[in-house]
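**Q** Provided herewith: upload-v5.cif, mmCIF, C-alpha atoms and all ligand atoms.
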```cif
data_entry
#
loop_
_atom_site.label_atom_id
_atom_site.label_comp_id
_atom_site.auth_asym_id
_atom_site.auth_seq_id
_atom_site.Cartn_x
_atom_site.Cartn_y
_atom_site.Cartn_z
CA MET A 1 -16.47 0.85 -12.35
CA LEU A 2 -13.77 -1.82 -12.81
CA ASN A 3 -15.55 -4.59 -14.70
CA GLY A 4 -13.13 -6.60 -16.81
CA ARG A 5 -10.04 -5.19 -15.09
CA THR A 6 -7.36 -7.19 -13.27
CA ALA A 7 -5.65 -5.79 -10.20
CA LEU A 8 -2.68 -6.74 -8.01
CA VAL A 9 -2.53 -5.42 -4.44
CA THR A 10 0.70 -5.88 -2.49
CA GLY A 11 0.53 -6.51 1.24
CA ALA A 12 -3.12 -7.55 0.92
CA SER A 13 -3.19 -10.35 3.52
CA ARG A 14 -4.51 -7.84 6.05
CA GLY A 15 -5.08 -4.16 6.84
CA ILE A 16 -5.38 -1.49 4.19
CA GLY A 17 -4.23 -3.84 1.43
CA ARG A 18 -7.03 -6.28 2.25
CA GLY A 19 -9.59 -3.48 2.37
CA VAL A 20 -8.42 -2.16 -0.98
CA ALA A 21 -8.43 -5.64 -2.56
CA LEU A 22 -12.04 -6.20 -1.48
CA GLY A 23 -13.04 -2.73 -2.68
CA LEU A 24 -11.54 -3.38 -6.11
CA ALA A 25 -13.34 -6.72 -6.30
CA ALA A 26 -16.64 -5.15 -5.25
CA ALA A 27 -16.15 -2.67 -8.12
CA GLY A 28 -15.81 -5.57 -10.59
CA ALA A 29 -12.10 -6.35 -10.79
CA ASP A 30 -10.40 -9.71 -10.53
CA VAL A 31 -7.79 -9.30 -7.80
CA ALA A 32 -4.44 -10.87 -6.98
CA VAL A 33 -3.54 -10.76 -3.30
CA ASN A 34 0.16 -10.49 -2.58
CA TYR A 35 1.33 -11.85 0.74
CA HIS A 36 4.73 -12.30 2.26
CA ARG A 37 5.84 -15.35 4.17
CA PRO A 38 8.26 -13.57 6.52
CA ALA A 39 10.93 -15.40 8.47
CA GLU A 40 8.97 -17.10 11.23
CA ALA A 41 11.67 -16.23 13.76
CA GLU A 42 11.31 -12.53 13.01
CA PHE A 43 7.57 -12.16 12.44
CA GLY A 44 6.20 -15.36 13.95
CA ARG A 45 3.55 -15.69 11.30
CA ASP A 46 2.83 -17.36 8.00
CA ASN A 47 0.11 -15.30 6.38
CA ALA A 48 -0.65 -17.65 3.51
CA ALA A 49 -3.86 -18.57 5.36
CA ASP A 50 -4.73 -14.89 5.73
CA ALA A 51 -4.23 -14.35 2.01
CA ALA A 52 -6.31 -17.42 1.20
CA GLY A 53 -9.08 -15.94 3.32
CA VAL A 54 -8.99 -12.70 1.34
CA VAL A 55 -9.16 -14.67 -1.90
CA ALA A 56 -12.25 -16.48 -0.59
CA GLU A 57 -13.84 -13.10 0.19
CA ILE A 58 -13.05 -11.89 -3.36
CA GLU A 59 -14.61 -15.03 -4.85
CA ALA A 60 -17.68 -14.53 -2.65
CA LEU A 61 -18.04 -11.16 -4.42
CA GLY A 62 -18.22 -13.02 -7.72
CA ARG A 63 -14.72 -12.19 -8.91
CA ARG A 64 -11.62 -14.26 -9.49
CA GLY A 65 -8.98 -14.07 -6.77
CA LEU A 66 -5.39 -15.31 -6.61
CA ALA A 67 -2.92 -15.41 -3.70
CA VAL A 68 0.68 -14.75 -4.76
CA GLU A 69 3.60 -14.98 -2.34
CA ALA A 70 6.52 -12.57 -2.78
CA ASP A 71 8.74 -10.38 -0.68
CA VAL A 72 8.29 -7.06 -2.50
CA ALA A 73 11.91 -6.17 -1.70
CA ASP A 74 13.10 -9.12 -3.81
CA GLY A 75 13.20 -8.17 -7.50
CA ALA A 76 13.23 -11.70 -8.87
CA ALA A 77 10.29 -12.70 -6.65
CA VAL A 78 8.37 -9.59 -7.72
CA ARG A 79 8.89 -10.26 -11.42
CA GLN A 80 7.84 -13.88 -10.91
CA MET A 81 4.74 -12.67 -9.02
CA VAL A 82 3.70 -10.35 -11.86
CA ASP A 83 4.28 -13.11 -14.42
CA THR A 84 2.06 -15.43 -12.36
CA VAL A 85 -0.74 -12.84 -12.15
CA VAL A 86 -0.69 -12.32 -15.93
CA LYS A 87 -0.61 -16.09 -16.56
CA GLU A 88 -3.36 -16.96 -14.09
CA LEU A 89 -5.68 -13.94 -14.42
CA GLY A 90 -4.98 -13.02 -18.05
CA GLY A 91 -3.41 -9.58 -17.64
CA LEU A 92 -2.72 -6.68 -15.29
CA ASP A 93 -4.50 -3.29 -15.36
CA VAL A 94 -4.17 -1.96 -11.81
CA LEU A 95 -1.30 -2.17 -9.30
CA VAL A 96 -1.72 -0.95 -5.73
CA ASN A 97 1.51 -0.71 -3.72
CA SER A 98 0.27 -1.22 -0.17
CA ALA A 99 2.95 -3.46 1.37
CA GLY A 100 4.72 -1.58 4.13
CA ILE A 101 6.18 -1.79 7.60
CA CYS A 102 6.66 0.75 10.37
CA PRO A 103 8.51 -0.68 13.41
CA PHE A 104 8.57 2.43 15.63
CA HIS A 105 12.12 3.14 16.80
CA ASP A 106 14.16 5.86 18.49
CA PHE A 107 16.34 7.83 16.05
CA LEU A 108 19.57 8.00 18.08
CA THR A 109 19.70 4.26 18.71
CA MET A 110 18.34 3.10 15.35
CA PRO A 111 20.49 0.39 13.73
CA GLU A 112 21.39 0.88 10.07
CA GLU A 113 19.90 -2.51 9.29
CA LEU A 114 16.45 -1.34 10.36
CA TRP A 115 16.66 1.69 8.06
CA ASP A 116 17.65 -0.62 5.21
CA ARG A 117 14.80 -3.05 5.91
CA VAL A 118 12.10 -0.39 6.06
CA HIS A 119 13.36 1.30 2.90
CA GLY A 120 13.69 -2.05 1.15
CA VAL A 121 10.06 -2.95 1.74
CA ASN A 122 8.35 0.43 1.63
CA LEU A 123 10.18 2.23 -1.19
CA LYS A 124 12.35 -0.21 -3.14
CA GLY A 125 9.44 -2.67 -3.01
CA ALA A 126 7.13 -0.11 -4.59
CA PHE A 127 9.72 0.64 -7.27
CA LEU A 128 10.21 -3.05 -8.12
CA CYS A 129 6.48 -3.79 -8.26
CA SER A 130 5.70 -0.65 -10.25
CA GLN A 131 8.43 -1.33 -12.78
CA ALA A 132 7.37 -4.95 -13.31
CA ALA A 133 3.69 -3.98 -13.60
CA ALA A 134 4.39 -1.04 -15.92
CA ARG A 135 6.36 -3.29 -18.29
CA VAL A 136 3.29 -5.54 -18.61
CA MET A 137 0.90 -2.60 -19.01
CA VAL A 138 3.05 -1.03 -21.76
CA GLU A 139 3.19 -4.39 -23.55
CA GLN A 140 -0.60 -4.79 -23.24
CA GLY A 141 -1.11 -1.41 -24.88
CA ARG A 142 -4.38 -0.56 -23.10
CA GLY A 143 -3.15 1.87 -20.44
CA GLY A 144 -3.16 1.14 -16.73
CA ARG A 145 -3.28 2.41 -13.17
CA ILE A 146 -0.50 2.42 -10.57
CA ILE A 147 -1.42 3.62 -7.08
CA GLY A 148 1.00 4.06 -4.20
CA ILE A 149 -0.23 3.94 -0.61
CA SER A 150 1.82 6.84 0.72
CA SER A 151 0.76 8.51 3.98
CA ILE A 152 0.00 11.65 5.92
CA SER A 153 3.53 10.89 7.08
CA ALA A 154 4.77 12.05 3.68
CA LEU A 155 3.71 15.53 4.77
CA VAL A 156 4.62 15.61 8.47
CA GLY A 157 7.20 14.04 10.75
CA GLY A 158 7.05 11.28 13.33
CA GLY A 159 9.55 11.26 16.21
CA MET A 160 9.76 7.46 16.22
CA GLN A 161 9.46 7.22 12.42
CA THR A 162 12.66 8.79 11.07
CA HIS A 163 13.22 5.63 9.02
CA TYR A 164 9.59 5.46 7.90
CA THR A 165 8.36 8.93 6.93
CA PRO A 166 11.00 9.36 4.18
CA THR A 167 9.70 6.17 2.54
CA LYS A 168 6.17 7.60 2.46
CA ALA A 169 7.37 10.88 0.98
CA GLY A 170 9.40 8.79 -1.45
CA MET A 171 6.34 6.75 -2.41
CA HIS A 172 4.54 9.92 -3.51
CA SER A 173 7.61 11.26 -5.28
CA LEU A 174 8.01 7.93 -7.10
CA MET A 175 4.42 8.16 -8.38
CA GLN A 176 4.99 11.76 -9.51
CA SER A 177 8.10 10.85 -11.52
CA MET A 178 6.68 7.61 -12.95
CA ALA A 179 3.69 9.61 -14.22
CA ILE A 180 6.00 11.27 -16.75
CA PRO A 181 7.39 8.33 -18.78
CA LEU A 182 4.19 6.28 -18.34
CA GLY A 183 1.77 9.03 -19.39
CA PRO A 184 2.28 8.44 -23.14
CA HIS A 185 1.23 4.82 -22.51
CA GLY A 186 -2.03 5.87 -20.82
CA ILE A 187 -0.79 4.63 -17.46
CA THR A 188 -1.61 6.96 -14.57
CA CYS A 189 0.40 7.01 -11.34
CA ASN A 190 -1.10 8.50 -8.16
CA SER A 191 -0.74 8.37 -4.39
CA VAL A 192 -3.27 7.94 -1.64
CA LEU A 193 -2.21 9.37 1.74
CA PRO A 194 -4.10 7.71 4.61
CA GLY A 195 -4.16 9.34 8.03
CA ALA A 196 -4.63 7.26 11.19
CA ILE A 197 -6.07 3.89 10.18
CA ALA A 198 -6.48 1.18 12.81
CA THR A 199 -4.50 -1.86 11.61
CA ASP A 200 -1.74 -4.21 12.81
CA ILE A 201 0.92 -1.65 11.84
CA ASN A 202 0.03 0.57 14.78
CA LYS A 203 -1.68 -1.87 17.16
CA ASP A 204 1.14 -1.68 19.71
CA ASP A 205 1.82 2.03 19.33
CA TRP A 206 -1.84 2.91 19.80
CA SER A 207 -2.18 0.71 22.86
CA ASP A 208 -0.88 3.84 24.64
CA PRO A 209 -4.14 5.53 25.72
CA ASP A 210 -2.57 9.00 25.81
CA LYS A 211 -1.36 8.72 22.20
CA ARG A 212 -4.68 7.35 21.05
CA ALA A 213 -6.55 10.18 22.82
CA TYR A 214 -4.20 12.77 21.28
CA LEU A 215 -4.79 11.51 17.76
CA ASP A 216 -8.50 11.02 18.36
CA GLY A 217 -8.80 14.64 19.47
CA ARG A 218 -7.26 15.91 16.25
CA ILE A 219 -9.59 14.19 13.79
CA PRO A 220 -12.50 16.50 12.75
CA LEU A 221 -14.57 13.56 11.46
CA GLY A 222 -14.42 12.20 15.00
CA ARG A 223 -13.05 8.69 14.43
CA PHE A 224 -9.98 6.75 13.36
CA GLY A 225 -10.05 5.50 9.79
CA GLU A 226 -10.75 1.93 8.76
CA PRO A 227 -9.18 0.08 5.80
CA ASP A 228 -12.51 0.34 4.02
CA ASP A 229 -12.20 4.15 4.08
CA ILE A 230 -9.18 3.85 1.78
CA ALA A 231 -10.85 1.49 -0.69
CA GLY A 232 -13.18 4.08 -2.25
CA PRO A 233 -10.46 6.62 -3.13
CA VAL A 234 -8.35 3.82 -4.60
CA VAL A 235 -11.28 2.53 -6.69
CA PHE A 236 -11.78 6.08 -8.00
CA LEU A 237 -8.12 6.42 -9.01
CA ALA A 238 -8.23 2.95 -10.62
CA SER A 239 -11.36 3.79 -12.65
CA ASP A 240 -12.03 5.64 -15.90
CA ALA A 241 -13.40 8.51 -13.81
CA ALA A 242 -9.78 9.36 -12.96
CA ARG A 243 -8.47 9.03 -16.53
CA TYR A 244 -7.08 12.59 -16.47
CA VAL A 245 -5.56 12.31 -12.96
CA THR A 246 -1.86 11.45 -12.77
CA GLY A 247 1.01 12.48 -10.52
CA SER A 248 -1.57 13.50 -7.92
CA ALA A 249 -1.95 12.87 -4.20
CA LEU A 250 -5.23 12.20 -2.41
CA LEU A 251 -5.18 12.81 1.37
CA VAL A 252 -7.65 10.49 3.16
CA ASP A 253 -7.32 11.33 6.85
CA GLY A 254 -10.62 12.55 8.32
CA GLY A 255 -9.15 16.06 8.52
CA LEU A 256 -6.22 15.08 10.77
CA PHE A 257 -3.60 16.98 8.76
CA VAL A 258 -5.35 20.35 8.66
CA ASN A 259 -6.43 20.42 12.31
CA LEU A 260 -3.56 22.23 14.06
CA GLN A 261 -5.89 24.18 16.37
N1 LIG B 301 -2.37 2.15 9.19
C1 LIG B 301 -2.14 3.43 9.01
O1 LIG B 301 -2.48 4.28 9.85
C2 LIG B 301 -1.44 3.90 7.77
C3 LIG B 301 -0.81 3.00 6.90
N2 LIG B 301 -0.20 3.50 5.77
C4 LIG B 301 0.43 2.58 4.81
O2 LIG B 301 -0.51 1.61 4.42
C5 LIG B 301 0.16 0.44 3.98
C6 LIG B 301 -0.46 -0.77 4.63
O3 LIG B 301 -0.30 -0.65 6.02
P1 LIG B 301 -1.33 -1.33 7.04
O4 LIG B 301 -2.36 -2.08 6.30
O5 LIG B 301 -1.74 -0.30 8.02
O6 LIG B 301 -0.33 -2.33 7.79
P2 LIG B 301 -0.49 -3.89 8.14
O7 LIG B 301 0.69 -4.19 9.00
O8 LIG B 301 -1.87 -4.17 8.61
O9 LIG B 301 -0.31 -4.60 6.72
C7 LIG B 301 0.93 -4.53 6.07
C8 LIG B 301 0.91 -5.55 4.95
O10 LIG B 301 2.14 -5.49 4.24
C9 LIG B 301 2.67 -6.81 4.16
N3 LIG B 301 4.13 -6.83 4.04
C10 LIG B 301 5.04 -6.46 4.96
N4 LIG B 301 6.27 -6.66 4.48
C11 LIG B 301 6.13 -7.18 3.23
C12 LIG B 301 7.02 -7.60 2.22
N5 LIG B 301 8.35 -7.53 2.39
N6 LIG B 301 6.52 -8.08 1.06
C13 LIG B 301 5.17 -8.15 0.86
N7 LIG B 301 4.26 -7.76 1.78
C14 LIG B 301 4.76 -7.28 2.95
C15 LIG B 301 2.20 -7.45 5.44
O11 LIG B 301 2.32 -8.84 5.37
P3 LIG B 301 3.11 -9.64 6.57
O12 LIG B 301 3.48 -8.64 7.65
O13 LIG B 301 2.15 -10.67 7.03
O14 LIG B 301 4.32 -10.20 5.92
C16 LIG B 301 0.77 -6.97 5.48
O15 LIG B 301 -0.05 -7.73 4.63
C17 LIG B 301 1.63 0.65 4.35
O16 LIG B 301 2.35 1.02 3.18
C18 LIG B 301 1.60 1.81 5.34
O17 LIG B 301 2.80 2.56 5.27
C19 LIG B 301 -0.19 4.85 5.47
C20 LIG B 301 -0.80 5.73 6.31
C21 LIG B 301 -1.45 5.32 7.51
C1 LIG B 302 2.16 3.44 11.54
C2 LIG B 302 1.43 4.74 11.83
O1 LIG B 302 0.67 4.63 13.01
C3 LIG B 302 0.49 5.07 10.70
O2 LIG B 302 1.16 4.87 9.48
C4 LIG B 302 1.37 6.08 8.90
O3 LIG B 302 1.83 6.23 7.79
C5 LIG B 302 0.98 7.17 9.79
O4 LIG B 302 2.14 7.58 10.51
C6 LIG B 302 0.02 6.50 10.70
O5 LIG B 302 -0.02 7.10 11.96
#
```
Could I get this file's structure written as structure tokens?
Ligand SMILES: NC(=O)C1=CN([C@@H]2O[C@H](COP(=O)(O)OP(=O)(O)OC[C@H]3O[C@@H](n4cnc5c(N)ncnc54)[C@H](OP(=O)(O)O)[C@@H]3O)[C@@H](O)[C@H]2O)C=CC1
Ligand SMILES: C[C@H](O)[C@@H]1OC(=O)[C@H](O)[C@@H]1O
**A**
Amino acid sequence: MLNGRTALVTGASRGIGRGVALGLAAAGADVAVNYHRPAEAEFGRDNAADAAGVVAEIEALGRRGLAVEADVADGAAVRQMVDTVVKELGGLDVLVNSAGICPFHDFLTMPEELWDRVHGVNLKGAFLCSQAAARVMVEQGRGGRIIGISSISALVGGGMQTHYTPTKAGMHSLMQSMAIPLGPHGITCNSVLPGAIATDINKDDWSDPDKRAYLDGRIPLGRFGEPDDIAGPVVFLASDAARYVTGSALLVDGGLFVNLQ
């Protein structure tokens, strides 16, 4: 479905971004894997090796892969990243904004700096990447696809996520508004809204057996989602099959949202 296309996935060193990157490659795309070398002191990890592993998996699928380091909240780094993708892979047809953080935190004691950091990565990062990618796509003149990984949390609240859920609602709203100026260029902008997907982002939070059991009991399809469950919907939105879909939202949650009782 994506033969001959080139994609960039942000936050693809692990989790949903990695699953989406591999899904796009399996569908025929060459894929750039964005990773972020966070301050060791703060995150205690250098995920360049993780990103290199994802590139190796993409190459094993017979496609070209490229690891590109950038903090999506840094405009200059983002523009450099997009330039590198175009230079190394020959163009850019699909952008998937997956990079995101969700450090659970109490509302009343939340420091302003945490709000700023979460918004910088989750929402400003998506804006910066989308703008840089759209500029290339417009210049290329062959249309394009921009997909934001929003969330079920765009639709409902989270008591420990008052800094986070607005960024997910904002991600969808950003896609809706971008769809307007980019439509004449054949560039579609859509959101995917995952439900409960087992990744690093919620590893600690879901170590609470009561919370895990609560969520588990609300999912009609009977299981938590996996990153691979998000890949298919993203491949659809990135493909020609979705050429008339823009400004839309696709909820991918196993039925979690609709199951009140
Ligand atoms: N898991 C879930 O249940 C759901 C997740 N989502 C969304 O899916 C997206 C991916 O989350 P998920 O895969 O679960 O989380 P993970 O924590 O597994 O992955 C997050 C990815 O984002 C990267 N990242 C973090 N900060 C930055 C940055 N400043 N610049 C570039 N990359 C960065 C991380 O790299 P590193 O940390 O190594 O720097 C990592 O590769 C997020 O936008 C999240 O909001 C939406 C709904 C549900
Ligand atoms: C981090 C959360 O567990 C995860 O991310 C989201 O967007 C939803 O809130 C999921 O529960």
**Q** Can you tell me which residues surround A:Phe236 at a distance of at most 12 Å, considering only C-alpha atoms, apart from same-chain residues fewer than 2 positions away, and format the answer as a VMD selection string?
**A** chain A and resid 1 to 2 20 23 to 24 27 94 145 147 190 to 192 230 to 234 238 to 245 250
**Q** Compare A:Ala7, A:Cys102, A:Val138, A:Met81 by their minimum atom-to-atom distance to A:Gln161, counting only C-alpha atoms, and give me the closest one.
**A**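 Checking each candidate against A:Gln161, we get A:Cys102 as the closest.
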**Q** I need the residue nearest A:Gln80 from this list: A:Leu174, A:Ala249, A:Cys129, A:Ala26. Use all atoms listed in the file for the distance.
**A**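 Closest to A:Gln80, using all atoms listed in the file: A:Cys129.
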**Q** Around ligand LIG 301 (chain B), at most 7 Å away and counting only C-alpha atoms and all ligand atoms, which residues are there? Put them as JSON, numbers by chain, please.
**A** {"A": [10, 11, 12, 13, 14, 15, 16, 17, 34, 35, 36, 37, 38, 45, 46, 47, 70, 71, 72, 73, 98, 99, 100, 101, 102, 121, 122, 149, 150, 151, 152, 153, 168, 193, 194, 195, 196, 197, 198, 199, 200, 201, 202]}
**Q** So that I have them on file, write out the residues from the current selection with C-alpha atoms, as a PDB file, keeping the file's coordinate frame.
**A**
```pdb
ATOM      1  CA  THR A  10       0.700  -5.880  -2.490  1.00  0.00           C
ATOM      2  CA  GLY A  11       0.530  -6.510   1.240  1.00  0.00           C
ATOM      3  CA  ALA A  12      -3.120  -7.550   0.920  1.00  0.00           C
ATOM      4  CA  SER A  13      -3.190 -10.350   3.520  1.00  0.00           C
ATOM      5  CA  ARG A  14      -4.510  -7.840   6.050  1.00  0.00           C
ATOM      6  CA  GLY A  15      -5.080  -4.160   6.840  1.00  0.00           C
ATOM      7  CA  ILE A  16      -5.380  -1.490   4.190  1.00  0.00           C
ATOM      8  CA  GLY A  17      -4.230  -3.840   1.430  1.00  0.00           C
ATOM      9  CA  ASN A  34       0.160 -10.490  -2.580  1.00  0.00           C
ATOM     10  CA  TYR A  35       1.330 -11.850   0.740  1.00  0.00           C
ATOM     11  CA  HIS A  36       4.730 -12.300   2.260  1.00  0.00           C
ATOM     12  CA  ARG A  37       5.840 -15.350   4.170  1.00  0.00           C
ATOM     13  CA  PRO A  38       8.260 -13.570   6.520  1.00  0.00           C
ATOM     14  CA  ARG A  45       3.550 -15.690  11.300  1.00  0.00           C
ATOM     15  CA  ASP A  46       2.830 -17.360   8.000  1.00  0.00           C
ATOM     16  CA  ASN A  47       0.110 -15.300   6.380  1.00  0.00           C
ATOM     17  CA  ALA A  70       6.520 -12.570  -2.780  1.00  0.00           C
ATOM     18  CA  ASP A  71       8.740 -10.380  -0.680  1.00  0.00           C
ATOM     19  CA  VAL A  72       8.290  -7.060  -2.500  1.00  0.00           C
ATOM     20  CA  ALA A  73      11.910  -6.170  -1.700  1.00  0.00           C
ATOM     21  CA  SER A  98       0.270  -1.220  -0.170  1.00  0.00           C
ATOM     22  CA  ALA A  99       2.950  -3.460   1.370  1.00  0.00           C
ATOM     23  CA  GLY A 100       4.720  -1.580   4.130  1.00  0.00           C
ATOM     24  CA  ILE A 101       6.180  -1.790   7.600  1.00  0.00           C
ATOM     25  CA  CYS A 102       6.660   0.750  10.370  1.00  0.00           C
ATOM     26  CA  VAL A 121      10.060  -2.950   1.740  1.00  0.00           C
ATOM     27  CA  ASN A 122       8.350   0.430   1.630  1.00  0.00           C
ATOM     28  CA  ILE A 149      -0.230   3.940  -0.610  1.00  0.00           C
ATOM     29  CA  SER A 150       1.820   6.840   0.720  1.00  0.00           C
ATOM     30  CA  SER A 151       0.760   8.510   3.980  1.00  0.00           C
ATOM     31  CA  ILE A 152       0.000  11.650   5.920  1.00  0.00           C
ATOM     32  CA  SER A 153       3.530  10.890   7.080  1.00  0.00           C
ATOM     33  CA  LYS A 168       6.170   7.600   2.460  1.00  0.00           C
ATOM     34  CA  LEU A 193      -2.210   9.370   1.740  1.00  0.00           C
ATOM     35  CA  PRO A 194      -4.100   7.710   4.610  1.00  0.00           C
ATOM     36  CA  GLY A 195      -4.160   9.340   8.030  1.00  0.00           C
ATOM     37  CA  ALA A 196      -4.630   7.260  11.190  1.00  0.00           C
ATOM     38  CA  ILE A 197      -6.070   3.890  10.180  1.00  0.00           C
ATOM     39  CA  ALA A 198      -6.480   1.180  12.810  1.00  0.00           C
ATOM     40  CA  THR A 199      -4.500  -1.860  11.610  1.00  0.00           C
ATOM     41  CA  ASP A 200      -1.740  -4.210  12.810  1.00  0.00           C
ATOM     42  CA  ILE A 201       0.920  -1.650  11.840  1.00  0.00           C
ATOM     43  CA  ASN A 202       0.030   0.570  14.780  1.00  0.00           C
TER      44      ASN A 202
END
```
**Q** By how many Å are atom O3 of ligand LIG 302 (chain B) and atom CA of A:Arg63 apart?
**A**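 Answer for the atom O3 of ligand LIG 302 (chain B) to atom CA of A:Arg63 separation: 29.9 Å.
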**Q** Would you please work out which residue, of A:Cys189, A:Ala154, A:Met137, A:Leu221, is nearest to ligand LIG 302 (chain B) when using all atoms listed in the file?
**A**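 Among the listed residues, the smallest separation from ligand LIG 302 (chain B) belongs to A:Ala154.
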**Q** When distances are computed from all atoms listed in the file, which of A:Val136, A:Leu182, A:Ala32, A:Val118 shows the smallest separation from ligand LIG 302 (chain B)?
**A**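 Closest residue, counting all atoms listed in the file: A:Val118.
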**Q** What does the structure give for the distance between atom CA of A:Ile58 and atom CA of A:His172, in Å to one decimal?
**A**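 Value for the atom CA of A:Ile58-atom CA of A:His172 distance: 28.0 Å.
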**Q** What lies within 12 Å of A:Trp115 using all atoms listed in the file, ignoring chain neighbours under 6 positions off, as a ChimeraX atom specification?
**A** /A:101-107,109,121-123,161-167
**Q** Ranking A:Thr188, A:Ser130, A:Thr84, A:Asn97 by minimum distance to A:Arg142 and counting all atoms listed in the file, which one comes first?
**A**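 Of all the options, A:Thr188 lies closest to A:Arg142.
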**Q** For A:Pro181, find every residue with an atom within 12 Å (counting all atoms listed in the file), except residues of its own chain fewer than 4 positions away, and show them as a short mmCIF file (atom, residue, chain, number, x, y, z; two decimals) with C-alpha atoms, keeping the file's coordinate frame.
**A**
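File result.cif, as written:
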```cif
data_model
loop_
_atom_site.label_atom_id
_atom_site.label_comp_id
_atom_site.auth_asym_id
_atom_site.auth_seq_id
_atom_site.Cartn_x
_atom_site.Cartn_y
_atom_site.Cartn_z
CA GLN A 131 8.43 -1.33 -12.78
CA ALA A 134 4.39 -1.04 -15.92
CA ARG A 135 6.36 -3.29 -18.29
CA VAL A 138 3.05 -1.03 -21.76
CA LEU A 174 8.01 7.93 -7.10
CA MET A 175 4.42 8.16 -8.38
CA GLN A 176 4.99 11.76 -9.51
CA SER A 177 8.10 10.85 -11.52
CA HIS A 185 1.23 4.82 -22.51
CA GLY A 186 -2.03 5.87 -20.82
CA ILE A 187 -0.79 4.63 -17.46
CA THR A 188 -1.61 6.96 -14.57
CA CYS A 189 0.40 7.01 -11.34
CA THR A 246 -1.86 11.45 -12.77
CA GLY A 247 1.01 12.48 -10.52
#
```
**Q** Of the candidates A:Asp204, A:Asp210, A:Glu113, A:Glu59, which shows the shortest atom-to-atom distance to ligand LIG 302 (chain B), using all atoms listed in the file?
**A**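 For ligand LIG 302 (chain B), the nearest of the candidates is A:Asp204.
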**Q** Output as lines of an AutoDock Vina configuration file the centre and edge lengths (Å, one decimal) of the box along x, y and z of the file that holds every listed atom of ligand LIG 302 (chain B) after adding 5 Å on each side.
**A**
```
center_x = 1.1
center_y = 5.5
center_z = 10.4
size_x = 12.2
size_y = 14.1
size_z = 15.2
```
**Q** Record the distance separating atom C1 of ligand LIG 302 (chain B) and atom CA of A:Ala25, expressed in Å with one decimal.
**A**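 Atom-to-atom, atom C1 of ligand LIG 302 (chain B) and atom CA of A:Ala25 are spaced 25.7 Å apart.
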